[in-house]
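K.L.:
Structure file target-v4.pdb, PDB, C-alpha atoms and all ligand atoms, is pasted below:
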ATOM      1  CA  MET A 295       4.879   7.917  -8.894
ATOM      2  CA  LEU A 296       5.043   6.119  -5.587
ATOM      3  CA  ILE A 297       5.854   2.409  -5.603
ATOM      4  CA  VAL A 298       5.230   0.469  -2.405
ATOM      5  CA  ALA A 299       6.976  -2.909  -2.599
ATOM      6  CA  ASN A 300       5.078  -5.367  -0.424
ATOM      7  CA  TRP A 301       7.533  -8.236   0.061
ATOM      8  CA  LYS A 302       4.930 -10.230   2.022
ATOM      9  CA  ALA A 303       6.618 -13.470   3.186
ATOM     10  CA  TYR A 304       8.389 -13.991  -0.131
ATOM     11  CA  VAL A 305      11.812 -12.814   1.062
ATOM     12  CA  GLU A 306      13.417 -15.200   3.520
ATOM     13  CA  ASP A 307      17.111 -14.424   3.406
ATOM     14  CA  ILE A 308      19.075 -11.293   4.204
ATOM     15  CA  LYS A 309      21.177 -11.489   1.032
ATOM     16  CA  LYS A 310      18.109 -11.157  -1.145
ATOM     17  CA  ALA A 311      16.724  -8.407   1.102
ATOM     18  CA  LYS A 312      19.978  -6.450   0.746
ATOM     19  CA  LYS A 313      20.004  -6.936  -3.005
ATOM     20  CA  LEU A 314      16.459  -5.604  -3.403
ATOM     21  CA  PHE A 315      17.322  -2.625  -1.189
ATOM     22  CA  SER A 316      20.417  -1.786  -3.199
ATOM     23  CA  ILE A 317      18.479  -1.985  -6.497
ATOM     24  CA  SER A 318      15.843   0.311  -4.992
ATOM     25  CA  LYS A 319      18.471   2.880  -4.000
ATOM     26  CA  LYS A 320      19.775   2.913  -7.566
ATOM     27  CA  LEU A 321      16.254   3.180  -8.983
ATOM     28  CA  VAL A 322      15.247   6.209  -6.912
ATOM     29  CA  ARG A 323      18.414   7.975  -8.065
ATOM     30  CA  ALA A 324      18.080   6.983 -11.722
ATOM     31  CA  THR A 325      14.324   7.237 -12.279
ATOM     32  CA  GLY A 326      12.940   9.785  -9.820
ATOM     33  CA  VAL A 327      10.186   7.393  -8.662
ATOM     34  CA  ASP A 328       9.592   7.168  -4.904
ATOM     35  CA  ILE A 329      10.062   3.703  -3.434
ATOM     36  CA  VAL A 330       8.775   2.408  -0.110
ATOM     37  CA  LEU A 331       9.920  -1.098   0.848
ATOM     38  CA  ALA A 332       7.765  -3.268   3.101
ATOM     39  CA  PRO A 333      10.014  -6.191   4.119
ATOM     40  CA  PRO A 334       9.237  -8.864   6.704
ATOM     41  CA  ALA A 335       9.888  -7.313  10.147
ATOM     42  CA  PRO A 336      13.381  -8.772  10.843
ATOM     43  CA  PHE A 337      14.706  -7.492   7.512
ATOM     44  CA  LEU A 338      13.061  -4.107   7.969
ATOM     45  CA  GLY A 339      15.016  -3.779  11.211
ATOM     46  CA  ALA A 340      18.259  -4.791   9.542
ATOM     47  CA  LEU A 341      17.923  -2.485   6.521
ATOM     48  CA  ALA A 342      16.074   0.574   7.772
ATOM     49  CA  VAL A 343      17.884   1.331  10.978
ATOM     50  CA  ARG A 344      20.902   2.955   9.296
ATOM     51  CA  ASN A 345      19.119   4.026   6.120
ATOM     52  CA  LYS A 346      20.221   7.385   4.758
ATOM     53  CA  SER A 347      18.832   6.966   1.241
ATOM     54  CA  ARG A 348      15.607   8.259  -0.312
ATOM     55  CA  VAL A 349      14.142   4.755  -0.112
ATOM     56  CA  ALA A 350      11.612   4.618   2.728
ATOM     57  CA  PHE A 351      10.342   1.657   4.755
ATOM     58  CA  ALA A 352       6.868   0.430   5.690
ATOM     59  CA  ALA A 353       5.645  -2.089   8.221
ATOM     60  CA  GLN A 354       3.504  -4.729   6.497
ATOM     61  CA  ASP A 355       1.175  -4.494   9.482
ATOM     62  CA  ILE A 356       1.348  -3.185  13.059
ATOM     63  CA  SER A 357      -0.011  -4.454  16.320
ATOM     64  CA  VAL A 358      -3.325  -3.085  17.506
ATOM     65  CA  THR A 359      -1.862  -3.082  21.031
ATOM     66  CA  THR A 360       0.321  -0.446  22.650
ATOM     67  CA  GLY A 361       2.811  -2.965  23.970
ATOM     68  CA  GLY A 362       3.272  -5.002  27.117
ATOM     69  CA  ALA A 363       2.684  -8.730  27.584
ATOM     70  CA  ARG A 364       1.771  -9.494  23.942
ATOM     71  CA  THR A 365       3.973 -12.293  22.622
ATOM     72  CA  GLY A 366       4.556 -12.065  18.896
ATOM     73  CA  GLU A 367       3.254  -8.529  18.463
ATOM     74  CA  ALA A 368       5.306  -5.618  17.075
ATOM     75  CA  THR A 369       3.931  -2.177  17.948
ATOM     76  CA  ALA A 370       3.853   0.948  15.797
ATOM     77  CA  SER A 371       6.380   2.484  18.164
ATOM     78  CA  ALA A 372       8.801  -0.449  17.650
ATOM     79  CA  TYR A 373       8.516  -0.045  13.871
ATOM     80  CA  THR A 374       9.222   3.679  14.133
ATOM     81  CA  ALA A 375      12.304   2.943  16.246
ATOM     82  CA  ALA A 376      13.472   0.436  13.617
ATOM     83  CA  GLY A 377      13.309   3.077  10.869
ATOM     84  CA  ALA A 378       9.856   2.655   9.294
ATOM     85  CA  THR A 379       7.937   5.768   8.265
ATOM     86  CA  TYR A 380       4.879   4.056   6.747
ATOM     87  CA  ALA A 381       2.574   1.187   7.754
ATOM     88  CA  ILE A 382       0.390  -0.900   5.468
ATOM     89  CA  ILE A 383      -2.907  -1.357   7.290
ATOM     90  CA  GLY A 384      -5.948  -3.451   6.412
ATOM     91  CA  HIS A 385      -4.285  -5.523   3.698
ATOM     92  CA  SER A 386      -6.738  -8.199   2.567
ATOM     93  CA  GLU A 387      -4.351 -10.901   3.783
ATOM     94  CA  ARG A 388      -4.495  -9.347   7.297
ATOM     95  CA  ARG A 389      -8.270  -8.861   7.101
ATOM     96  CA  ALA A 390      -8.560 -12.565   6.160
ATOM     97  CA  ALA A 391      -6.504 -13.348   9.279
ATOM     98  CA  GLY A 392      -9.014 -11.523  11.500
ATOM     99  CA  ASP A 393      -8.605  -7.739  11.161
ATOM    100  CA  THR A 394     -12.116  -6.268  11.372
ATOM    101  CA  ARG A 395     -12.948  -2.709  10.292
ATOM    102  CA  GLU A 396     -12.746  -1.664  13.959
ATOM    103  CA  ILE A 397      -9.264  -3.151  14.303
ATOM    104  CA  VAL A 398      -8.187  -1.450  11.077
ATOM    105  CA  ALA A 399      -9.406   1.916  12.418
ATOM    106  CA  GLU A 400      -7.535   1.352  15.694
ATOM    107  CA  LYS A 401      -4.330   0.421  13.878
ATOM    108  CA  ILE A 402      -4.550   3.623  11.845
ATOM    109  CA  ALA A 403      -4.805   5.584  15.093
ATOM    110  CA  ARG A 404      -1.722   3.737  16.448
ATOM    111  CA  ALA A 405       0.187   4.536  13.262
ATOM    112  CA  PHE A 406      -0.564   8.263  13.483
ATOM    113  CA  ALA A 407       0.208   8.346  17.194
ATOM    114  CA  ASN A 408       3.689   7.010  16.436
ATOM    115  CA  GLY A 409       4.586   9.045  13.372
ATOM    116  CA  LEU A 410       3.862   6.376  10.734
ATOM    117  CA  THR A 411       1.938   7.274   7.576
ATOM    118  CA  PRO A 412      -0.833   4.682   7.191
ATOM    119  CA  ILE A 413      -1.390   3.065   3.801
ATOM    120  CA  LEU A 414      -5.019   1.962   4.092
ATOM    121  CA  CYS A 415      -5.880  -1.005   1.847
ATOM    122  CA  VAL A 416      -9.438  -1.406   0.622
ATOM    123  CA  GLY A 417     -10.867  -3.768  -1.980
ATOM    124  CA  GLU A 418     -13.903  -5.824  -2.874
ATOM    125  CA  GLU A 419     -13.880  -9.608  -3.101
ATOM    126  CA  GLU A 420     -15.752  -9.661  -6.383
ATOM    127  CA  ARG A 421     -17.492  -7.315  -8.774
ATOM    128  CA  ASP A 422     -21.255  -7.643  -9.028
ATOM    129  CA  GLY A 423     -23.141  -6.228 -12.017
ATOM    130  CA  GLY A 424     -25.279  -3.991  -9.808
ATOM    131  CA  GLY A 425     -22.362  -1.892  -8.520
ATOM    132  CA  ARG A 426     -22.707  -2.985  -4.890
ATOM    133  CA  TYR A 427     -18.923  -3.204  -4.690
ATOM    134  CA  LEU A 428     -18.807   0.596  -4.797
ATOM    135  CA  GLY A 429     -20.826   0.781  -1.581
ATOM    136  CA  PHE A 430     -18.468  -1.758  -0.027
ATOM    137  CA  ILE A 431     -15.411   0.344  -0.906
ATOM    138  CA  ARG A 432     -17.135   3.445   0.478
ATOM    139  CA  GLU A 433     -17.827   1.665   3.796
ATOM    140  CA  GLU A 434     -14.232   0.471   4.102
ATOM    141  CA  ILE A 435     -12.916   4.003   3.542
ATOM    142  CA  VAL A 436     -15.465   5.736   5.767
ATOM    143  CA  SER A 437     -14.992   3.312   8.691
ATOM    144  CA  ALA A 438     -11.236   3.901   8.601
ATOM    145  CA  ILE A 439     -11.173   7.687   8.098
ATOM    146  CA  GLU A 440     -14.247   8.937   9.978
ATOM    147  CA  PRO A 441     -12.759   8.269  13.455
ATOM    148  CA  LEU A 442      -9.692  10.399  12.609
ATOM    149  CA  ALA A 443      -9.129  14.004  13.634
ATOM    150  CA  PRO A 444      -9.552  16.470  10.739
ATOM    151  CA  LYS A 445      -5.846  17.283  10.736
ATOM    152  CA  GLU A 446      -4.875  13.599  10.366
ATOM    153  CA  ARG A 447      -7.217  12.799   7.493
ATOM    154  CA  PRO A 448      -5.202  14.438   4.680
ATOM    155  CA  LYS A 449      -2.102  12.486   5.763
ATOM    156  CA  ILE A 450      -3.451   9.054   4.896
ATOM    157  CA  ILE A 451      -2.667   7.048   1.731
ATOM    158  CA  VAL A 452      -5.386   4.866   0.195
ATOM    159  CA  ALA A 453      -4.494   1.715  -1.747
ATOM    160  CA  TYR A 454      -7.251   0.170  -3.831
ATOM    161  CA  GLU A 455      -6.580  -3.560  -4.012
ATOM    162  CA  PRO A 456      -9.437  -5.655  -5.417
ATOM    163  CA  LEU A 457      -9.099  -9.149  -3.957
ATOM    164  CA  TRP A 458      -9.890 -10.816  -7.278
ATOM    165  CA  ALA A 459      -6.795  -9.243  -8.845
ATOM    166  CA  ILE A 460      -4.239 -10.042  -6.142
ATOM    167  CA  ASN A 461      -1.520 -12.610  -6.754
ATOM    168  CA  LYS A 462      -2.493 -13.330 -10.364
ATOM    169  CA  THR A 463      -0.864 -12.070 -13.559
ATOM    170  CA  ALA A 464      -0.974  -8.803 -15.496
ATOM    171  CA  ALA A 465      -3.719 -10.287 -17.694
ATOM    172  CA  ASP A 466      -5.995 -10.689 -14.635
ATOM    173  CA  ALA A 467      -5.426  -7.185 -13.235
ATOM    174  CA  ILE A 468      -7.961  -4.397 -13.527
ATOM    175  CA  SER A 469      -8.373  -2.603 -16.880
ATOM    176  CA  SER A 470      -7.180   0.987 -17.020
ATOM    177  CA  ASN A 471     -10.748   2.199 -17.750
ATOM    178  CA  ASP A 472     -12.129   0.447 -14.681
ATOM    179  CA  LEU A 473      -9.231   1.767 -12.628
ATOM    180  CA  ALA A 474      -9.893   5.334 -13.790
ATOM    181  CA  GLU A 475     -13.539   4.959 -12.762
ATOM    182  CA  MET A 476     -12.615   3.566  -9.334
ATOM    183  CA  THR A 477     -10.005   6.281  -8.713
ATOM    184  CA  LEU A 478     -12.649   8.928  -9.401
ATOM    185  CA  TYR A 479     -15.073   7.196  -7.062
ATOM    186  CA  ILE A 480     -12.501   6.941  -4.258
ATOM    187  CA  ARG A 481     -11.649  10.623  -4.718
ATOM    188  CA  LYS A 482     -15.352  11.486  -4.422
ATOM    189  CA  VAL A 483     -15.627   9.544  -1.146
ATOM    190  CA  LEU A 484     -12.445  11.193   0.147
ATOM    191  CA  ALA A 485     -13.753  14.651  -0.770
ATOM    192  CA  GLU A 486     -16.790  14.008   1.445
ATOM    193  CA  LEU A 487     -14.557  13.071   4.382
ATOM    194  CA  LEU A 488     -11.864  15.706   4.035
ATOM    195  CA  PRO A 489     -12.693  19.366   4.360
ATOM    196  CA  GLY A 490     -11.702  21.888   1.682
ATOM    197  CA  LYS A 491      -8.950  20.810  -0.641
ATOM    198  CA  GLY A 492      -7.571  18.236   1.796
ATOM    199  CA  SER A 493      -8.575  15.206  -0.264
ATOM    200  CA  GLN A 494      -6.602  16.360  -3.310
ATOM    201  CA  HIS A 495      -3.381  15.637  -1.437
ATOM    202  CA  VAL A 496      -4.284  12.062  -0.510
ATOM    203  CA  PRO A 497      -2.354   9.663  -2.743
ATOM    204  CA  VAL A 498      -4.492   6.881  -4.206
ATOM    205  CA  LEU A 499      -2.574   3.734  -5.178
ATOM    206  CA  TYR A 500      -3.587   0.573  -7.019
ATOM    207  CA  GLY A 501      -2.465  -2.950  -6.127
ATOM    208  CA  GLY A 502      -3.248  -6.355  -7.639
ATOM    209  CA  SER A 503      -0.978  -8.062 -10.169
ATOM    210  CA  VAL A 504       0.951  -4.974 -11.202
ATOM    211  CA  GLU A 505       3.804  -6.276 -13.343
ATOM    212  CA  PRO A 506       6.220  -4.698 -15.843
ATOM    213  CA  GLU A 507       3.730  -5.709 -18.570
ATOM    214  CA  ASN A 508       0.821  -3.571 -17.351
ATOM    215  CA  ALA A 509       2.302  -0.895 -15.061
ATOM    216  CA  ARG A 510       2.673   1.829 -17.661
ATOM    217  CA  LEU A 511      -0.780   1.301 -19.140
ATOM    218  CA  LEU A 512      -2.383   1.338 -15.696
ATOM    219  CA  ALA A 513      -0.579   4.565 -14.820
ATOM    220  CA  LEU A 514      -1.755   6.357 -17.971
ATOM    221  CA  ASP A 515      -4.955   8.392 -17.610
ATOM    222  CA  SER A 516      -6.136   6.454 -14.558
ATOM    223  CA  GLY A 517      -5.518   9.291 -12.099
ATOM    224  CA  ILE A 518      -3.583   6.899  -9.868
ATOM    225  CA  ASP A 519      -0.598   8.198  -7.841
ATOM    226  CA  GLY A 520       1.307   4.933  -7.607
ATOM    227  CA  PHE A 521       1.188   1.200  -7.021
ATOM    228  CA  LEU A 522       1.339  -1.355  -4.243
ATOM    229  CA  VAL A 523       3.280  -4.207  -5.785
ATOM    230  CA  GLY A 524       3.506  -7.738  -4.397
ATOM    231  CA  HIS A 525       5.125 -10.603  -6.316
ATOM    232  CA  ALA A 526       6.713  -8.416  -9.008
ATOM    233  CA  SER A 527       8.559  -6.446  -6.317
ATOM    234  CA  VAL A 528      10.605  -9.402  -5.074
ATOM    235  CA  ASP A 529      12.029 -10.394  -8.420
ATOM    236  CA  PRO A 530      14.980  -8.018  -8.982
ATOM    237  CA  ALA A 531      14.653  -7.951 -12.786
ATOM    238  CA  SER A 532      10.871  -7.413 -12.738
ATOM    239  CA  PHE A 533      11.084  -4.715 -10.107
ATOM    240  CA  GLU A 534      13.746  -2.828 -12.001
ATOM    241  CA  LEU A 535      11.783  -2.973 -15.229
ATOM    242  CA  LEU A 536       8.570  -1.963 -13.513
ATOM    243  CA  ALA A 537      10.151   1.115 -11.903
ATOM    244  CA  LYS A 538      11.747   2.120 -15.199
ATOM    245  CA  HIS A 539       8.382   1.863 -16.960
ATOM    246  CA  LEU A 540       6.950   4.301 -14.414
ATOM    247  CA  ALA A 541       9.783   6.835 -14.569
TER     248      ALA A 541
HETATM  249  P1  LIG B   1       0.405  -8.841  -6.055
HETATM  250  O1  LIG B   1       0.075  -8.358  -4.573
HETATM  251  O2  LIG B   1       1.113  -7.704  -6.760
HETATM  252  O3  LIG B   1       1.269 -10.046  -5.886
HETATM  253  O4  LIG B   1      -0.908  -9.154  -6.709
HETATM  254  C1  LIG B   1      -0.341  -7.061  -4.307
HETATM  255  C2  LIG B   1      -0.708  -6.952  -2.848
HETATM  256  O5  LIG B   1      -1.362  -7.869  -2.319
HETATM  257  O6  LIG B   1      -0.348  -5.969  -2.171
END
Please rewrite the model in this file as structure tokens.
Ligand code: PGA
P.N.:
Amino acid sequence: MLIVANWKAYVEDIKKAKKLFSISKKLVRATGVDIVLAPPAPFLGALAVRNKSRVAFAAQDISVTTGGARTGEATASAYTAAGATYAIIGHSERRAAGDTREIVAEKIARAFANGLTPILCVGEEERDGGGRYLGFIREEIVSAIEPLAPKERPKIIVAYEPLWAINKTAADAISSNDLAEMTLYIRKVLAELLPGKGSQHVPVLYGGSVEPENARLLALDSGIDGFLVGHASVDPASFELLAKHLA
């Protein structure tokens, strides 16, 4: 199981950042789960640069630019230098702030060019009875993966994050039956885009109100390879419990 802890802007002091990192180091040793931490950029720099543990680091987003006179931007190359090995790309909170599908595709190219594994987020705003949301998910995946070279495609990670389930509670998250159905659908779309057996190696994650209360149930029989966790990843007790439930 892969757990990506998306700290968003919840963590605002270095003491808390260090505490969450030290808990994560213990958890990877004790439980065997893989943990990727996505802290706000200044804390990523502080924690990842001398990291020798099995805990890995992700940028929460990267710049679409390649550097230069771009105040406020942090490039993929800067994140790599700071110790990140992954980048979350196309999170709904970044799409809401202006990331189009074209920008998402460009950011994925920047990530690959700089040795970062992209975690592509896709997710519908709401579920209609007619199943149109499936077509929407397909378009988000195709527009991000089609521009990639065949050898890059199997190296991507896909995170399914329905917008209606984000930042709520376990009771509002997806049901495990619906998640199993969506995982199968995403795998079908990936199989069309990746030649041969390539798609079988692409991890598919779920995100949206994963908490200690529902993590184990969602992991069972859903075919999911891990979770992208927001609010429950910044509360030390919740995060510890969640990881233990997935061990
Ligand atoms: P949440 O966030 O776990 O707080 O719902 C998940 C995400 O947006 O990545």
K.L.:
Could the residues of chain A that have an atom at most 9 Å from ligand LIG 1 (chain B) be listed as JSON lines, each with its closest atom pair and the distance in Å to one decimal, counting all atoms listed in the file and ordered by chain and ascending residue number?
P.N.:
{"residue": "A:Val298", "atom": "CA", "partner": "B:LIG1", "partner_atom": "O6", "distance": 8.5}
{"residue": "A:Ala299", "atom": "CA", "partner": "B:LIG1", "partner_atom": "O6", "distance": 7.9}
{"residue": "A:Asn300", "atom": "CA", "partner": "B:LIG1", "partner_atom": "O6", "distance": 5.7}
{"residue": "A:Trp301", "atom": "CA", "partner": "B:LIG1", "partner_atom": "O6", "distance": 8.5}
{"residue": "A:Lys302", "atom": "CA", "partner": "B:LIG1", "partner_atom": "O6", "distance": 8.0}
{"residue": "A:His385", "atom": "CA", "partner": "B:LIG1", "partner_atom": "O6", "distance": 7.1}
{"residue": "A:Ser386", "atom": "CA", "partner": "B:LIG1", "partner_atom": "O5", "distance": 7.3}
{"residue": "A:Glu387", "atom": "CA", "partner": "B:LIG1", "partner_atom": "O5", "distance": 7.4}
{"residue": "A:Cys415", "atom": "CA", "partner": "B:LIG1", "partner_atom": "O6", "distance": 8.4}
{"residue": "A:Ala453", "atom": "CA", "partner": "B:LIG1", "partner_atom": "O6", "distance": 8.7}
{"residue": "A:Glu455", "atom": "CA", "partner": "B:LIG1", "partner_atom": "C2", "distance": 6.9}
{"residue": "A:Pro456", "atom": "CA", "partner": "B:LIG1", "partner_atom": "O5", "distance": 8.9}
{"residue": "A:Leu457", "atom": "CA", "partner": "B:LIG1", "partner_atom": "O5", "distance": 8.0}
{"residue": "A:Ala459", "atom": "CA", "partner": "B:LIG1", "partner_atom": "O4", "distance": 6.3}
{"residue": "A:Ile460", "atom": "CA", "partner": "B:LIG1", "partner_atom": "O4", "distance": 3.5}
{"residue": "A:Asn461", "atom": "CA", "partner": "B:LIG1", "partner_atom": "O4", "distance": 3.5}
{"residue": "A:Lys462", "atom": "CA", "partner": "B:LIG1", "partner_atom": "O4", "distance": 5.8}
{"residue": "A:Thr463", "atom": "CA", "partner": "B:LIG1", "partner_atom": "O4", "distance": 7.4}
{"residue": "A:Ala464", "atom": "CA", "partner": "B:LIG1", "partner_atom": "O4", "distance": 8.8}
{"residue": "A:Ala467", "atom": "CA", "partner": "B:LIG1", "partner_atom": "O4", "distance": 8.2}
{"residue": "A:Tyr500", "atom": "CA", "partner": "B:LIG1", "partner_atom": "C1", "distance": 8.7}
{"residue": "A:Gly501", "atom": "CA", "partner": "B:LIG1", "partner_atom": "C1", "distance": 5.0}
{"residue": "A:Gly502", "atom": "CA", "partner": "B:LIG1", "partner_atom": "O4", "distance": 3.8}
{"residue": "A:Ser503", "atom": "CA", "partner": "B:LIG1", "partner_atom": "O4", "distance": 3.6}
{"residue": "A:Val504", "atom": "CA", "partner": "B:LIG1", "partner_atom": "O2", "distance": 5.2}
{"residue": "A:Glu505", "atom": "CA", "partner": "B:LIG1", "partner_atom": "O2", "distance": 7.3}
{"residue": "A:Phe521", "atom": "CA", "partner": "B:LIG1", "partner_atom": "O6", "distance": 8.8}
{"residue": "A:Leu522", "atom": "CA", "partner": "B:LIG1", "partner_atom": "O6", "distance": 5.3}
{"residue": "A:Val523", "atom": "CA", "partner": "B:LIG1", "partner_atom": "O2", "distance": 4.2}
{"residue": "A:Gly524", "atom": "CA", "partner": "B:LIG1", "partner_atom": "O2", "distance": 3.4}
{"residue": "A:His525", "atom": "CA", "partner": "B:LIG1", "partner_atom": "O3", "distance": 3.9}
{"residue": "A:Ala526", "atom": "CA", "partner": "B:LIG1", "partner_atom": "O2", "distance": 6.1}
{"residue": "A:Ser527", "atom": "CA", "partner": "B:LIG1", "partner_atom": "O2", "distance": 7.6}
K.L.:
Convert the output of the PyMOL selection byres (((chain A and resi 530) around 12) and not hetatm) on the shown file into explicit residues, formatted as a PyMOL selection string.
P.N.:
chain A and resi 299+301+305+310-318+321+506+525-529+531-537
K.L.:
Which residues, named as in the file, does the PyMOL selection byres (((chain A and resi 518) around 10) and not hetatm) pick out? Answer as a list in words.
P.N.:
Met295, Leu296, Ala453, Tyr454, Ser470, Leu473, Ala474, Met476, Thr477, Leu478, Pro497, Val498, Leu499, Tyr500, Leu512, Ala513, Leu514, Asp515, Ser516, Gly517, Asp519, Gly520 and Phe521 of chain A
K.L.:
Output C-alpha atoms of each residue in that selection to a file, as a JSON list (two decimals), in the coordinates of the input.
P.N.:
[["chain", "number", "residue", "atom", "x", "y", "z"],
["A", 295, "MET", "CA", 4.88, 7.92, -8.89],
["A", 296, "LEU", "CA", 5.04, 6.12, -5.59],
["A", 453, "ALA", "CA", -4.49, 1.72, -1.75],
["A", 454, "TYR", "CA", -7.25, 0.17, -3.83],
["A", 470, "SER", "CA", -7.18, 0.99, -17.02],
["A", 473, "LEU", "CA", -9.23, 1.77, -12.63],
["A", 474, "ALA", "CA", -9.89, 5.33, -13.79],
["A", 476, "MET", "CA", -12.62, 3.57, -9.33],
["A", 477, "THR", "CA", -10.01, 6.28, -8.71],
["A", 478, "LEU", "CA", -12.65, 8.93, -9.40],
["A", 497, "PRO", "CA", -2.35, 9.66, -2.74],
["A", 498, "VAL", "CA", -4.49, 6.88, -4.21],
["A", 499, "LEU", "CA", -2.57, 3.73, -5.18],
["A", 500, "TYR", "CA", -3.59, 0.57, -7.02],
["A", 512, "LEU", "CA", -2.38, 1.34, -15.70],
["A", 513, "ALA", "CA", -0.58, 4.57, -14.82],
["A", 514, "LEU", "CA", -1.76, 6.36, -17.97],
["A", 515, "ASP", "CA", -4.96, 8.39, -17.61],
["A", 516, "SER", "CA", -6.14, 6.45, -14.56],
["A", 517, "GLY", "CA", -5.52, 9.29, -12.10],
["A", 519, "ASP", "CA", -0.60, 8.20, -7.84],
["A", 520, "GLY", "CA", 1.31, 4.93, -7.61],
["A", 521, "PHE", "CA", 1.19, 1.20, -7.02]]
K.L.:
Report as an NGL selection string the full result of the PyMOL selection byres (((chain A and resi 414) around 12) and not hetatm) when it is applied to this structure.
P.N.:
:A and (354-355 or 380-386 or 388-389 or 395 or 398-403 or 405 or 410-413 or 415-417 or 431 or 434-439 or 447 or 449-455 or 496-501 or 522)
K.L.:
Ranking A:Leu331, A:Ala363, A:Val358, A:Ala352 by minimum distance to Ala378 in chain A and counting all atoms listed in the file, which one comes first?
P.N.:
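Ranked by minimum distance to Ala378 in chain A, first place goes to A:Ala352.
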K.L.:
Could you check which of A:Val322, A:Ile308, A:Ala375, A:Val349 is closest to Pro334 in chain A, using only C-alpha atoms?
P.N.:
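Result for the nearest residue to Pro334 in chain A: A:Ile308.
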K.L.:
CA of Gln494 in chain A and CA of Thr379 in chain A are how many Å apart?
P.N.:
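Interatomic distance, CA of Gln494 in chain A to CA of Thr379 in chain A: 21.4 Å.
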K.L.:
Quick one, how far is CA of Leu484 in chain A from CA of Arg404 in chain A?
P.N.:
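Going from CA of Leu484 in chain A over to CA of Arg404 in chain A covers 20.9 Å.
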K.L.:
What does the distance between CA of Arg481 in chain A and CA of Ser493 in chain A come to in Å, to one decimal place?
P.N.:
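Answer for the CA of Arg481 in chain A to CA of Ser493 in chain A separation: 7.1 Å.
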K.L.:
Out of A:Leu442, A:Leu338, A:Ala509, A:Glu486, which residue has the shortest atom-to-atom distance to Ser469 in chain A when counting all atoms listed in the file?
P.N.:
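Distance minimum relative to Ser469 in chain A lands on A:Ala509.
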K.L.:
Find, counting only C-alpha atoms, the residue in A:Phe430, A:Ala372, A:Asp307, A:Ala443 that gets nearest to Thr359 in chain A.
P.N.:
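Distance minimum relative to Thr359 in chain A lands on A:Ala372.
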